[in-house]
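Trainee: Below is one structure. I have some questions about it.
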Amino acid sequence: MKVIAMPVGQLAANCYIVYCENTRKAVVIDPGADGQSILNRIQYEGLEVGHILLTHGHFDHIGAVKFLKEQLGASVAIHSGDAQALTDAARNLSAFMGEHLVQVPPDVLLQEGDIIAVGGITMKVLHTPGHSEGSVCFVVDSPVKMAFTGDTLFQGSIGRSDFPGGSYEQLISSIRDKLLTLDDDYTIYPGHGPKSTIGAERVTNPFIKYYVR
């Protein structure tokens, strides 16, 4: 299993291409912008992308969804709580940036506990509301332990909860009850910034040390 991280767009949101080395089957997580660059890397690696997975529906994470769906024929998957953000500029917050970003309706509505197959790899969906109503994380238990945490948990920080649909109480609960139940050796791949581990965040992240109880 391999993970390719590509910071994209003006806000440098992390797009991840995750693939099974044996089958070359892949998913793209949060293609927020720069669709042609993402497509070029997929083609260079010789990958077959079955799903475009979205951790949430904010504009900086969905900007290249329509382009990649048209080019790859992949299904678009997002939690039902954020589904309308794909086609509503106010809900995806692009309207507040003076833009009108509209993508395509989702093909799949994700729910807690859903399993997504990527070749010989399986990803489990955790519903982690707080940054948005439909925020999710994607967790892989084998062959390596990792979690794609979107804008729920970052290295040294946590996601904002002051956007429409956000909730500080839900965000803290999602981190405490969903992410911090993972073992310390899980690598986290956040929506912005460098990767970390659950163990490192448990002991060094100030928001977890002082606010997550």
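Scheme for the structure tokens: letters A, B, ... for chains in order shown; per-chain residue numbers from 1; ligand numbers from 1 in order shown.
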Can you list, as a short mmCIF file (atom, residue, chain, number, x, y, z; two decimals) with C-alpha atoms, in the first residue's frame, every protein, DNA or RNA residue that comes within 9 Å of stretch 54-61 of chain A when you count only C-alpha atoms, leaving out same-chain residues fewer than 6 positions away?

Mentor:
```
data_model
loop_
_atom_site.label_atom_id
_atom_site.label_comp_id
_atom_site.auth_asym_id
_atom_site.auth_seq_id
_atom_site.Cartn_x
_atom_site.Cartn_y
_atom_site.Cartn_z
CA VAL A 8 -3.29 21.53 -3.83
CA GLY A 9 -4.93 24.91 -4.22
CA GLN A 10 -4.38 28.23 -2.50
CA LEU A 11 -5.03 26.75 0.93
CA ALA A 12 -2.67 23.80 0.33
CA ALA A 13 -5.27 21.17 1.16
CA ASN A 14 -3.80 17.68 1.12
CA CYS A 15 -5.06 15.46 -1.67
CA VAL A 28 -8.34 9.73 -4.47
CA ILE A 29 -9.09 11.50 -1.20
CA ASP A 30 -10.02 15.22 -1.20
CA PRO A 31 -9.03 16.47 -4.67
CA GLY A 32 -9.41 20.12 -3.73
CA ALA A 33 -7.87 21.72 -6.82
CA VAL A 76 -17.90 10.28 -5.79
CA ALA A 77 -18.48 9.44 -2.12
CA ILE A 78 -19.28 11.85 0.72
CA HIS A 79 -21.23 11.63 3.96
CA GLY A 81 -24.42 15.40 6.10
CA ASP A 82 -22.22 17.21 3.59
CA ALA A 83 -23.71 15.91 0.34
CA GLN A 84 -25.44 19.18 -0.58
CA ALA A 85 -22.13 21.03 -0.35
CA LEU A 86 -21.06 19.53 -3.66
CA ALA A 89 -21.71 27.31 -3.08
CA ARG A 91 -22.68 25.18 1.90
CA ASN A 92 -19.20 24.52 0.54
CA LEU A 93 -18.17 28.03 1.63
CA SER A 94 -16.88 29.11 -1.78
CA LEU A 101 -17.89 26.45 -6.88
CA VAL A 102 -20.31 23.74 -7.99
CA HIS A 131 -15.73 20.66 11.57
CA SER A 132 -18.81 20.05 9.45
CA GLU A 133 -21.94 17.96 9.85
CA GLY A 134 -20.72 15.28 7.48
CA SER A 135 -17.00 15.14 8.26
CA VAL A 136 -15.54 11.65 8.12
CA CYS A 137 -12.19 9.95 8.55
CA PHE A 138 -10.97 6.94 6.59
CA PHE A 148 -7.03 10.11 6.85
CA THR A 149 -8.44 12.70 9.22
CA GLY A 150 -9.49 15.56 6.93
CA ASP A 151 -9.96 18.77 8.91
CA GLY A 191 -6.38 17.68 5.47
#
```

Trainee: Please tabulate, as a Markdown table, the residues of stretch 38-74 of chain A that come within 10 Å of stretch 2-7 of chain A, each with its closest pair of atoms and the distance in Å to one decimal, counting only C-alpha atoms and ordering rows by chain, then residue number upward.

Mentor:
```
| residue | atom | partner | partner_atom | distance |
| --- | --- | --- | --- | --- |
| A:Ile38 | CA | A:Met6 | CA | 7.8 |
| A:Arg41 | CA | A:Ile4 | CA | 9.1 |
| A:Ile42 | CA | A:Ile4 | CA | 9.8 |
```

Trainee: One decimal, in Å: what's the spacing between atom CA of A:Gly159 and atom CA of A:Ile62?

Mentor: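 Between these atoms lies a distance of 17.0 Å.
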
Trainee: Enumerate, as a list in words, the complete set of residues in stretch 15-45 of chain A that a backbone-based DSSP assignment places in helix (DSSP H, G or I).

Mentor: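 Everything in stretch 15-45 of chain A that counts as helix (DSSP H, G or I) is Gly35, Gln36, Ser37, Ile38, Leu39, Asn40, Arg41, Ile42, Gln43, Tyr44 and Glu45 of chain A.
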
Trainee: Kindly save the residues from that selection, with N, CA and C atoms included, as a PDB file, in the first residue's frame.

Mentor:
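The resulting again-v6.pdb:
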```
ATOM      1  N   GLY A  35      -6.715  19.669 -10.664  1.00  0.00           N
ATOM      2  CA  GLY A  35      -7.140  18.371 -11.156  1.00  0.00           C
ATOM      3  C   GLY A  35      -6.209  17.763 -12.181  1.00  0.00           C
ATOM      4  N   GLN A  36      -5.663  18.586 -13.061  1.00  0.00           N
ATOM      5  CA  GLN A  36      -4.781  18.034 -14.090  1.00  0.00           C
ATOM      6  C   GLN A  36      -3.507  17.463 -13.484  1.00  0.00           C
ATOM      7  N   SER A  37      -2.972  18.117 -12.464  1.00  0.00           N
ATOM      8  CA  SER A  37      -1.778  17.598 -11.800  1.00  0.00           C
ATOM      9  C   SER A  37      -2.070  16.267 -11.117  1.00  0.00           C
ATOM     10  N   ILE A  38      -3.236  16.171 -10.486  1.00  0.00           N
ATOM     11  CA  ILE A  38      -3.618  14.910  -9.851  1.00  0.00           C
ATOM     12  C   ILE A  38      -3.775  13.822 -10.898  1.00  0.00           C
ATOM     13  N   LEU A  39      -4.443  14.146 -11.998  1.00  0.00           N
ATOM     14  CA  LEU A  39      -4.633  13.170 -13.073  1.00  0.00           C
ATOM     15  C   LEU A  39      -3.299  12.731 -13.650  1.00  0.00           C
ATOM     16  N   ASN A  40      -2.395  13.673 -13.846  1.00  0.00           N
ATOM     17  CA  ASN A  40      -1.076  13.327 -14.383  1.00  0.00           C
ATOM     18  C   ASN A  40      -0.360  12.317 -13.491  1.00  0.00           C
ATOM     19  N   ARG A  41      -0.455  12.508 -12.189  1.00  0.00           N
ATOM     20  CA  ARG A  41       0.226  11.580 -11.277  1.00  0.00           C
ATOM     21  C   ARG A  41      -0.435  10.206 -11.304  1.00  0.00           C
ATOM     22  N   ILE A  42      -1.748  10.179 -11.362  1.00  0.00           N
ATOM     23  CA  ILE A  42      -2.468   8.905 -11.458  1.00  0.00           C
ATOM     24  C   ILE A  42      -2.048   8.144 -12.712  1.00  0.00           C
ATOM     25  N   GLN A  43      -1.987   8.847 -13.828  1.00  0.00           N
ATOM     26  CA  GLN A  43      -1.604   8.212 -15.084  1.00  0.00           C
ATOM     27  C   GLN A  43      -0.142   7.778 -15.068  1.00  0.00           C
ATOM     28  N   TYR A  44       0.720   8.587 -14.488  1.00  0.00           N
ATOM     29  CA  TYR A  44       2.145   8.245 -14.384  1.00  0.00           C
ATOM     30  C   TYR A  44       2.342   6.949 -13.595  1.00  0.00           C
ATOM     31  N   GLU A  45       1.559   6.799 -12.528  1.00  0.00           N
ATOM     32  CA  GLU A  45       1.682   5.606 -11.681  1.00  0.00           C
ATOM     33  C   GLU A  45       0.942   4.406 -12.269  1.00  0.00           C
TER      34      GLU A  45
END
```

Trainee: Report, in Å to a single decimal, how far apart atom CA of A:Phe163 and atom CA of A:Ala95 are.

Mentor: 12.9 Å

Trainee: Give me, as a VMD selection string, all polymer residues having an atom no more than 12 Å from A:Val203, counting only C-alpha atoms and skipping those fewer than 4 positions away in the same chain.

Mentor: chain A and resid 155 to 156 180 184 196 to 199 207 to 210 212

Trainee: Just checking: using only C-alpha atoms, which residue out of A:Val104, A:Val139, A:Val118, A:Val27 ends up closest to A:Val65?

Mentor: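 Among the listed residues, A:Val104 lies closest to A:Val65.
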
Trainee: Compare A:Val140, A:Ala64, A:Pro164, A:Leu153 by their minimum atom-to-atom distance to A:Asp183, counting only C-alpha atoms, and give me the closest one.

Mentor: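 Closest residue, counting only C-alpha atoms: A:Val140.
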
Trainee: Measure the distance from atom CA of A:Val125 to atom CA of A:Phe96 in Å and round it to one decimal.

Mentor: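 Spanning atom CA of A:Val125 to atom CA of A:Phe96 is a straight-line distance of 29.2 Å.
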
Trainee: Measuring atom to atom with only C-alpha atoms, identify which of A:His100, A:Arg202, A:Arg160, A:Arg24 is nearest to A:Glu48.

Mentor: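 Going through A:His100, A:Arg202, A:Arg160, A:Arg24 one by one, the smallest distance to A:Glu48 is for A:Arg24.
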
Trainee: Under the rule that only C-alpha atoms are counted, which of A:Ser75, A:Ser80, A:Thr204, A:Asn22 is the nearest residue to A:Phe154?

Mentor: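 The shortest atom-to-atom distance to A:Phe154 comes from A:Thr204.
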
Trainee: Excluding A:Ser142 and residues on its chain fewer than 3 positions from it, collect all residues at most 8 Å away from it, counting only C-alpha atoms, and give them as a list in words.

Mentor: Ile121, Thr122 and Lys145 of chain A

Trainee: Would you mind exporting C-alpha atoms of the selected residues as a tab-separated table (two decimals), in the first residue's frame?

Mentor:
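Result saved to out34.tsv:
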```tsv
chain	number	residue	atom	x	y	z
A	121	ILE	CA	-6.91	-2.91	1.18
A	122	THR	CA	-10.01	-2.01	3.15
A	145	LYS	CA	-2.20	1.47	10.33
```
